[in-house]
Structures are given as C-alpha cells and as structure tokens.
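Dumped start30.cif below, it's mmCIF, C-alpha atoms:
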```cif
data_work
#
loop_
_atom_site.label_atom_id
_atom_site.label_comp_id
_atom_site.auth_asym_id
_atom_site.auth_seq_id
_atom_site.Cartn_x
_atom_site.Cartn_y
_atom_site.Cartn_z
CA MET A 168 19.06 -3.98 9.81
CA ILE A 169 15.39 -3.49 10.78
CA SER A 170 13.99 -5.38 13.78
CA THR A 171 10.97 -7.45 12.78
CA VAL A 172 8.07 -9.53 14.04
CA LYS A 173 6.27 -12.38 12.29
CA TYR A 174 2.56 -12.83 11.70
CA ALA A 175 1.02 -15.89 10.04
CA ALA A 176 -2.30 -17.01 8.60
CA GLY A 177 -2.36 -20.67 7.57
CA ASP A 178 0.62 -21.28 5.30
CA THR A 179 1.21 -17.57 4.65
CA GLU A 180 3.71 -15.61 6.74
CA MET A 181 4.39 -11.88 6.98
CA ILE A 182 7.49 -10.24 8.37
CA VAL A 183 6.79 -6.73 9.66
CA GLY A 184 9.43 -4.10 10.35
CA VAL A 185 9.05 -2.51 13.78
CA SER A 186 12.30 -0.62 14.39
CA ALA A 187 11.29 1.62 11.47
CA GLY A 188 7.99 2.06 9.71
CA PRO A 189 5.73 0.23 10.27
CA ARG A 190 6.47 -1.68 7.06
CA ILE A 191 5.45 -5.14 5.87
CA LEU A 192 8.78 -6.34 4.47
CA SER A 193 8.07 -9.93 3.50
CA LEU A 194 5.12 -12.05 2.40
CA ARG A 195 5.74 -15.74 1.75
CA TYR A 196 3.52 -18.73 1.07
CA ASN A 197 4.67 -22.06 2.48
CA GLY A 198 8.25 -20.86 2.86
CA GLY A 199 8.56 -19.75 -0.77
CA GLU A 200 10.07 -16.62 -2.28
CA ASN A 201 9.21 -13.20 -0.90
CA LEU A 202 6.33 -11.78 -2.96
CA LEU A 203 7.30 -8.20 -1.98
CA TYR A 204 10.14 -6.05 -3.27
CA VAL A 205 12.90 -5.19 -0.81
CA ASP A 206 15.04 -2.18 -1.71
CA HIS A 207 18.80 -2.66 -1.69
CA THR A 208 19.63 0.55 -3.56
CA GLY A 209 19.33 2.88 -0.58
CA PHE A 210 16.74 5.03 -2.36
CA SER A 211 15.58 7.93 -0.19
CA VAL A 212 13.78 11.25 -0.27
CA GLY A 213 15.68 13.38 2.23
CA GLU A 214 15.69 11.39 5.49
CA TRP A 215 12.82 9.17 4.30
CA LYS A 216 14.00 5.70 3.23
CA MET A 217 12.16 3.43 0.86
CA TYR A 218 12.94 0.03 2.45
CA GLY A 219 10.41 -1.63 0.12
CA GLY A 220 7.48 -3.89 0.97
CA HIS A 221 4.23 -2.29 2.09
CA ARG A 222 3.96 1.14 3.64
CA PHE A 223 1.26 3.56 4.80
CA THR A 224 1.28 7.26 4.03
CA ILE A 225 -1.07 10.11 3.09
CA ALA A 226 -2.28 11.76 -0.12
CA PRO A 227 -2.20 14.03 -2.01
CA GLU A 228 1.50 13.45 -2.59
CA THR A 229 3.49 16.19 -0.84
CA ALA A 230 6.53 16.40 1.43
CA ALA A 231 4.25 15.13 4.23
CA SER A 232 3.91 11.84 2.32
CA TYR A 233 7.64 11.28 2.85
CA TYR A 234 7.93 12.16 6.50
CA PRO A 235 10.82 10.02 7.87
CA ASP A 236 9.58 6.85 9.57
CA ASN A 237 12.93 5.57 10.78
CA THR A 238 12.17 5.38 14.52
CA PRO A 239 11.06 2.36 16.58
CA CYS A 240 7.37 1.48 16.67
CA GLU A 241 5.13 0.35 19.49
CA VAL A 242 4.08 -3.28 18.99
CA LEU A 243 0.95 -4.80 20.50
CA GLU A 244 0.18 -8.49 19.94
CA THR A 245 -3.30 -9.67 20.90
CA ALA A 246 -5.61 -12.55 20.06
CA ALA A 247 -7.27 -10.24 17.51
CA GLY A 248 -4.06 -9.55 15.58
CA LEU A 249 -0.93 -7.44 15.44
CA LEU A 250 -0.93 -3.64 15.92
CA ILE A 251 2.19 -1.60 15.05
CA LYS A 252 2.09 2.09 15.93
CA ALA A 253 4.63 4.60 14.62
CA ARG A 254 5.89 7.41 16.81
CA GLN A 255 3.61 10.44 16.79
CA ARG A 256 4.66 13.19 14.39
CA PRO A 257 5.24 16.77 15.59
CA ASP A 258 1.91 17.84 14.04
CA GLY A 259 0.06 15.27 16.18
CA LEU A 260 -0.57 12.68 13.45
CA ARG A 261 0.09 9.07 14.35
CA PHE A 262 0.15 6.21 11.84
CA SER A 263 -0.58 2.58 12.70
CA ILE A 264 -0.99 -0.65 10.80
CA LYS A 265 -3.17 -3.39 12.29
CA ILE A 266 -3.00 -6.86 10.75
CA THR A 267 -5.75 -9.39 11.33
CA THR A 268 -6.41 -12.82 9.85
CA ALA A 269 -9.08 -13.09 7.16
CA GLY A 270 -9.74 -16.76 6.45
CA THR A 271 -7.09 -19.21 5.28
CA ASP A 272 -3.99 -17.46 3.97
CA GLY A 273 -5.69 -14.07 3.99
CA PHE A 274 -5.10 -10.83 5.89
CA ASN A 275 -6.93 -7.61 6.60
CA ILE A 276 -4.59 -4.62 6.62
CA HIS A 277 -6.03 -1.75 8.65
CA HIS A 278 -4.30 1.61 8.05
CA ILE A 279 -5.18 3.85 11.01
CA LEU A 280 -4.55 7.59 11.26
CA GLU A 281 -5.03 9.36 14.60
CA ASN A 282 -5.14 13.15 14.75
CA ASN A 283 -3.78 14.06 18.17
CA GLY A 284 -2.91 17.59 17.08
CA THR A 285 -4.73 20.89 17.44
CA GLU A 286 -5.76 21.42 13.79
CA ASN A 287 -8.05 19.61 11.36
CA TRP A 288 -6.27 17.26 8.97
CA THR A 289 -7.56 16.85 5.40
CA GLY A 290 -6.44 14.23 2.91
CA ALA A 291 -6.70 10.54 2.05
CA LEU A 292 -5.07 7.45 3.52
CA TRP A 293 -2.76 5.72 1.04
CA GLY A 294 -1.52 2.12 1.15
CA ILE A 295 1.42 1.30 -1.13
CA THR A 296 2.77 -2.20 -1.82
CA CYS A 297 6.07 -2.68 -3.69
CA VAL A 298 6.48 -5.88 -5.70
CA PRO A 299 9.31 -6.98 -8.03
CA ARG A 300 9.05 -5.61 -11.56
CA THR A 301 9.27 -9.18 -12.82
CA ALA A 302 5.73 -9.78 -11.51
CA ASP A 303 2.85 -9.63 -13.97
CA ILE A 304 0.61 -6.76 -12.85
CA LEU A 305 -3.15 -6.90 -13.36
CA ALA A 306 -5.78 -4.49 -11.99
CA SER A 307 -9.54 -4.22 -12.27
CA CYS A 308 -10.48 -1.21 -14.42
CA ASN A 309 -13.97 -0.75 -15.84
CA THR A 310 -13.73 2.91 -16.76
CA PRO A 311 -12.19 4.81 -19.69
CA GLU A 312 -11.49 7.71 -17.30
CA VAL A 313 -7.90 6.84 -16.48
CA ASN A 314 -5.36 9.40 -15.28
CA TYR A 315 -1.85 9.17 -16.72
CA TRP A 316 0.88 10.95 -14.77
CA PRO A 317 3.20 13.32 -16.65
CA GLY A 318 5.86 11.38 -18.54
CA THR A 319 3.71 8.24 -18.71
CA ASP A 320 3.29 6.76 -22.20
CA PRO A 321 -0.28 5.39 -22.49
CA GLY A 322 1.04 3.03 -25.15
CA ASN A 323 2.73 1.05 -22.38
CA TRP A 324 -0.60 0.39 -20.67
CA GLU A 325 -3.34 -1.90 -21.97
CA LEU A 326 -6.94 -1.23 -20.95
CA ALA A 327 -9.16 -4.06 -22.16
CA ALA A 328 -11.86 -6.45 -20.92
CA GLY A 329 -12.12 -4.71 -17.55
CA TYR A 330 -8.40 -4.86 -16.76
CA MET A 331 -5.47 -2.44 -16.67
CA ILE A 332 -2.17 -4.14 -17.57
CA PRO A 333 1.21 -2.39 -17.73
CA ALA A 334 3.53 -3.75 -20.39
CA PRO A 335 6.64 -5.60 -19.19
CA GLY A 336 9.99 -3.91 -19.50
CA GLU A 337 11.84 -1.02 -17.92
CA HIS A 338 9.46 1.83 -18.76
CA ARG A 339 8.46 4.22 -16.00
CA GLY A 340 4.96 5.57 -15.49
CA LYS A 341 1.89 5.79 -13.31
CA THR A 342 -1.86 5.51 -13.79
CA GLY A 343 -4.84 5.99 -11.49
CA TRP A 344 -8.62 5.64 -11.65
CA TYR A 345 -11.78 5.04 -9.63
CA GLU A 346 -13.04 1.46 -9.40
CA GLU A 347 -15.83 0.33 -7.10
CA TRP A 348 -14.85 -2.95 -5.40
CA GLY A 349 -11.44 -2.49 -7.00
CA TRP A 350 -8.46 -4.86 -6.77
CA LEU A 351 -4.80 -5.09 -7.79
CA ALA A 352 -2.80 -8.26 -8.43
CA ALA A 353 0.87 -9.25 -8.72
CA ILE A 354 1.34 -12.66 -10.36
CA GLN A 355 4.61 -14.49 -9.61
CA PRO A 356 5.78 -18.14 -9.64
CA ALA A 357 5.73 -18.25 -5.82
CA GLY A 358 2.14 -17.01 -5.64
CA THR A 359 -0.37 -14.40 -6.74
CA LEU A 360 -1.04 -11.54 -4.33
CA ILE A 361 -4.45 -9.88 -4.71
CA ILE A 362 -5.07 -6.63 -2.81
CA ARG A 363 -8.66 -5.44 -2.56
CA ASN A 364 -9.64 -1.90 -1.63
CA LYS A 365 -12.39 -2.36 0.96
CA ASP A 366 -13.33 1.35 1.14
CA HIS A 367 -16.42 2.10 -0.95
CA ASN A 368 -17.52 5.56 0.20
CA ILE A 369 -15.17 7.28 -2.23
CA GLU A 370 -16.27 10.06 -4.54
CA LYS A 371 -15.78 8.95 -8.13
CA GLN A 372 -13.73 12.01 -9.07
CA HIS A 373 -10.92 10.70 -6.83
CA ASN A 374 -8.64 7.79 -7.67
CA ASN A 375 -8.89 4.81 -5.36
CA LEU A 376 -6.56 2.55 -7.36
CA GLU A 377 -3.13 3.53 -8.70
CA VAL A 378 -0.24 1.60 -10.25
CA PHE A 379 3.33 2.84 -10.61
CA VAL A 380 6.04 0.97 -12.51
CA CYS A 381 9.77 1.53 -13.04
CA LYS A 382 12.82 -0.54 -13.87
CA ASP A 383 13.12 -2.45 -10.57
CA TYR A 384 9.68 -2.56 -8.99
CA ALA A 385 5.99 -1.84 -9.27
CA GLU A 386 3.74 -0.22 -6.68
CA LEU A 387 0.16 -1.38 -6.13
CA GLU A 388 -1.64 1.50 -4.44
CA THR A 389 -5.07 1.93 -2.86
CA LEU A 390 -6.56 5.10 -1.42
CA GLY A 391 -9.38 5.87 0.96
CA PRO A 392 -11.77 8.80 0.55
CA GLN A 393 -10.77 12.44 0.84
CA GLN A 394 -11.85 13.51 4.32
CA THR A 395 -11.27 15.93 7.16
CA ILE A 396 -10.30 14.51 10.55
CA ALA A 397 -10.80 16.76 13.57
CA PRO A 398 -8.42 16.82 16.56
CA GLY A 399 -9.01 13.87 18.85
CA CYS A 400 -10.49 11.74 16.04
CA SER A 401 -9.19 8.92 13.86
CA THR A 402 -9.92 7.20 10.56
CA GLU A 403 -9.08 3.90 8.86
CA HIS A 404 -8.38 2.59 5.35
CA LEU A 405 -8.88 -1.16 4.89
CA GLN A 406 -7.22 -3.53 2.44
CA HIS A 407 -7.79 -7.28 2.11
CA TRP A 408 -4.82 -9.41 0.98
CA HIS A 409 -5.13 -12.95 -0.33
CA ILE A 410 -2.58 -15.36 -1.79
CA PHE A 411 -3.43 -17.78 -4.58
CA ILE A 412 -1.11 -20.55 -5.79
#
```

Turn this file's structure into structure tokens for me.
Amino acid sequence: MISTVKYAAGDTEMIVGVSAGPRILSLRYNGGENLLYVDHTGFSVGEWKMYGGHRFTIAPETAASYYPDNTPCEVLETAAGLLIKARQRPDGLRFSIKITTAGTDGFNIHHILENNGTENWTGALWGITCVPRTADILASCNTPEVNYWPGTDPGNWELAAGYMIPAPGEHRGKTGWYEEWGWLAAIQPAGTLIIRNKDHNIEKQHNNLEVFVCKDYAELETLGPQQTIAPGCSTEHLQHWHIFI
C-alpha cells in the first residue's frame, strides 16, 4: 500500500502517492469515480512498478526511463501548492512533481528535473497519464506527419477533422506527433480529463504528443523539448489539467 496525500481544487480532488513515485494515483470530481487507471496486475519492468495513474520520466525511452521509483518522497506543502520530490538517483538526477491550482477544478502539473550530477544530461521530460481503456480517447492532431510505432495498425487510428482517435477494443499500439498548443482528452461518465501540453519551444521534428493503447488502459503522454541540462541546473515540463462534466 502506497502512502498518499490529498490535493484539491474546487470540487476536484487528487490523491498523490508519496511513499513511492511521485505518482498521481487518483483524480475525482465531486467524489465520483477515479478518472485514472490503477494497476492491479503487478506489471513491472525489472524493479520498476507501474502502479498506474500519472508518472514522470525521461525520453527517449531507454532503461533510464524505468529507473525504480519505489522509495519514499520528500513532501512540501505550501500556500502555492504541493511539491513531491523523489530521492536523488545515483547519477545525480532528481525528479519532482509540483501541483498548483489553476482556476476552478484545474491543476498545473510541473515536472521538474534537477541535474545534481557531474555530467551533462540530454533528453526530454515526459509526462504519462494512464486512464482506463473504457475511456473515449481524443487528441488534437492537425498534421499528416504521424509516427506509428512498430506493430501498430494505422487502421485502428482515425485522423480526421483535426483529431486523432484510437478505435475502441483491445488492440495495442502507439502513435506520436508534433502539435502546437496540443491537448489530449479522456472522456468518461464521471468526467472528461483534458491535458494540455504547455511547452511550445519544441522543434517540430520531435513528438510532443503521444498516445498508447492496450487491452486494459491508455496512456496520454506529453513531452517537453529535447535539451541538454548542465550540472547544477534544472528544467521543467508543464501540463495543465482540467475536468469537464
């Protein structure tokens, strides 16, 4: 069982895991159903555990993206919001998630990477939100330049009228593309979660929106720009979350 803290904006409440992660494990509007997927299968990659909900990692996808985050976090609650800091990795990288209120029932999710090591770090910050596969997934997509991961059947993805829509069902696949002012949505009876990528200094040859689907869940993914962070410096990737009923 993961120890948690709560954070609320209006009628919307988050539950954030702090004994592992940090992870946002629950998102509910007015006491309704959890809009996030929670893993009960025990899925893991080595010592890394999925848990579900929202997590913060780094791209491109390598073994470093699945560094185990099973240790207690430092939690700082202030008038400005909630800051959850993971334990520093052996290479000097430290991952934090800061949550602040953004209007009624909205949140800003700040993904912060500190480089406290001795070498430059190069990559992109990557925010991943798991939702139940029963949700209807909709994403803004105004480009024909869509990347389909190996094994992905493009016939299961509809690109029309400025939207990318994965077909319902149990098919597995992933797509990614660049979209200025891009957003991703999961539509469910208990509420619609819209996640906006607030980073706009991204080179167009890099994806900044990605969607993965499989039998049990879907992942709504945003990425910041590819960049190099020197020792002693930090960077941030910002998402805005809003719930509509």

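The point (-10.3, 12.6, -8.7) has these residues within 12 Å of it when all atoms listed in the file are used: Ala226, Pro227, Ala291, Glu312, Val313, Asn314, Gly343, Trp344, Tyr345, Glu346, Ile369, Glu370, Lys371, Gln372, His373, Asn374, Asn375, Leu376, Glu377, Leu390, Gly391, Pro392 and Gln393 of chain A.
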
Excluding Ile354 of chain A and any residue of its chain fewer than 3 positions from it, enumerate the residues within 7 Å of it, using only C-alpha atoms, and give them as a PDB file with C-alpha atoms, keeping the file's coordinate frame.
```pdb
ATOM      1  CA  ALA A 302       5.730  -9.780 -11.510  1.00  0.00           C
ATOM      2  CA  ASP A 303       2.850  -9.630 -13.970  1.00  0.00           C
ATOM      3  CA  ILE A 304       0.610  -6.760 -12.850  1.00  0.00           C
ATOM      4  CA  GLY A 358       2.140 -17.010  -5.640  1.00  0.00           C
ATOM      5  CA  THR A 359      -0.370 -14.400  -6.740  1.00  0.00           C
ATOM      6  CA  LEU A 360      -1.040 -11.540  -4.330  1.00  0.00           C
TER       7      LEU A 360
END
```

Residues matched by the PyMOL selection byres ((chain A and resi 316) around 12), written as a PyMOL selection string
chain A and resi 313-315+317-321+339-344+377-380

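With distances restricted to all atoms listed in the file, A:Thr310 is the closest residue to Ala328 of chain A from A:Thr301, A:Asn283, A:Thr310, A:Thr402.
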
Hey, what's within 7 Å of segment 230-245 of chain A if we count all atoms listed in the file and toss same-chain stuff fewer than 2 positions away? As JSON, numbers by chain, please?
{"A": [185, 186, 187, 188, 189, 212, 214, 215, 224, 225, 226, 228, 247, 248, 249, 250, 251, 252, 253, 254]}

Could you take the residues named above and write them with C-alpha atoms, as a PDB file, in the coordinates of the input?
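again.pdb, freshly written:
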```pdb
ATOM      1  CA  VAL A 185       9.050  -2.510  13.780  1.00  0.00           C
ATOM      2  CA  SER A 186      12.300  -0.620  14.390  1.00  0.00           C
ATOM      3  CA  ALA A 187      11.290   1.620  11.470  1.00  0.00           C
ATOM      4  CA  GLY A 188       7.990   2.060   9.710  1.00  0.00           C
ATOM      5  CA  PRO A 189       5.730   0.230  10.270  1.00  0.00           C
ATOM      6  CA  VAL A 212      13.780  11.250  -0.270  1.00  0.00           C
ATOM      7  CA  GLU A 214      15.690  11.390   5.490  1.00  0.00           C
ATOM      8  CA  TRP A 215      12.820   9.170   4.300  1.00  0.00           C
ATOM      9  CA  THR A 224       1.280   7.260   4.030  1.00  0.00           C
ATOM     10  CA  ILE A 225      -1.070  10.110   3.090  1.00  0.00           C
ATOM     11  CA  ALA A 226      -2.280  11.760  -0.120  1.00  0.00           C
ATOM     12  CA  GLU A 228       1.500  13.450  -2.590  1.00  0.00           C
ATOM     13  CA  ALA A 247      -7.270 -10.240  17.510  1.00  0.00           C
ATOM     14  CA  GLY A 248      -4.060  -9.550  15.580  1.00  0.00           C
ATOM     15  CA  LEU A 249      -0.930  -7.440  15.440  1.00  0.00           C
ATOM     16  CA  LEU A 250      -0.930  -3.640  15.920  1.00  0.00           C
ATOM     17  CA  ILE A 251       2.190  -1.600  15.050  1.00  0.00           C
ATOM     18  CA  LYS A 252       2.090   2.090  15.930  1.00  0.00           C
ATOM     19  CA  ALA A 253       4.630   4.600  14.620  1.00  0.00           C
ATOM     20  CA  ARG A 254       5.890   7.410  16.810  1.00  0.00           C
TER      21      ARG A 254
END
```

Report the distance between atom CA of Leu305 of chain A and atom CA of Ile412 of chain A in Å, rounded to one decimal place.
15.7 Å

Nearest to Ala306 of chain A, restricted to only C-alpha atoms and choosing among A:Glu286, A:Glu325, A:Glu180, A:Glu281, comes out as A:Glu325

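Residue nearest Lys265 of chain A, chosen from A:Ser211, A:Lys382, A:Val183, A:Asn309 and counting all atoms listed in the file: A:Val183.
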
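Here atom CA of Thr179 of chain A and atom CA of Phe411 of chain A stand 10.3 Å from one another.
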
Of A:Gly322, A:Phe223, A:Leu202, A:Ile266, the one nearest to Ala352 of chain A when counting only C-alpha atoms is A:Leu202

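Across the structure, atom CA of Ala357 of chain A and atom CA of Asn197 of chain A are spaced 9.2 Å apart.
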
Please list, as a VMD selection string, the residues that have an atom at most 12 Å away from (-1.5, 19.4, 15.5) in the coordinates of this file, counting all atoms listed in the file.
chain A and resid 255 to 261 281 to 288 396 to 400

Could you spell out the hits of the PyMOL selection byres ((chain A and resi 182) around 7) on the shown file, as a PyMOL selection string?
chain A and resi 171-174+180-181+183-184+191-194

Ground truth for the PyMOL selection byres ((chain A and resi 298) around 8), written as a list of chain:residue names:
A:Leu202, A:Leu203, A:Tyr204, A:Gly220, A:Thr296, A:Cys297, A:Pro299, A:Arg300, A:Ala302, A:Ala353, A:Tyr384, A:Ala385, A:Glu386, A:Leu387
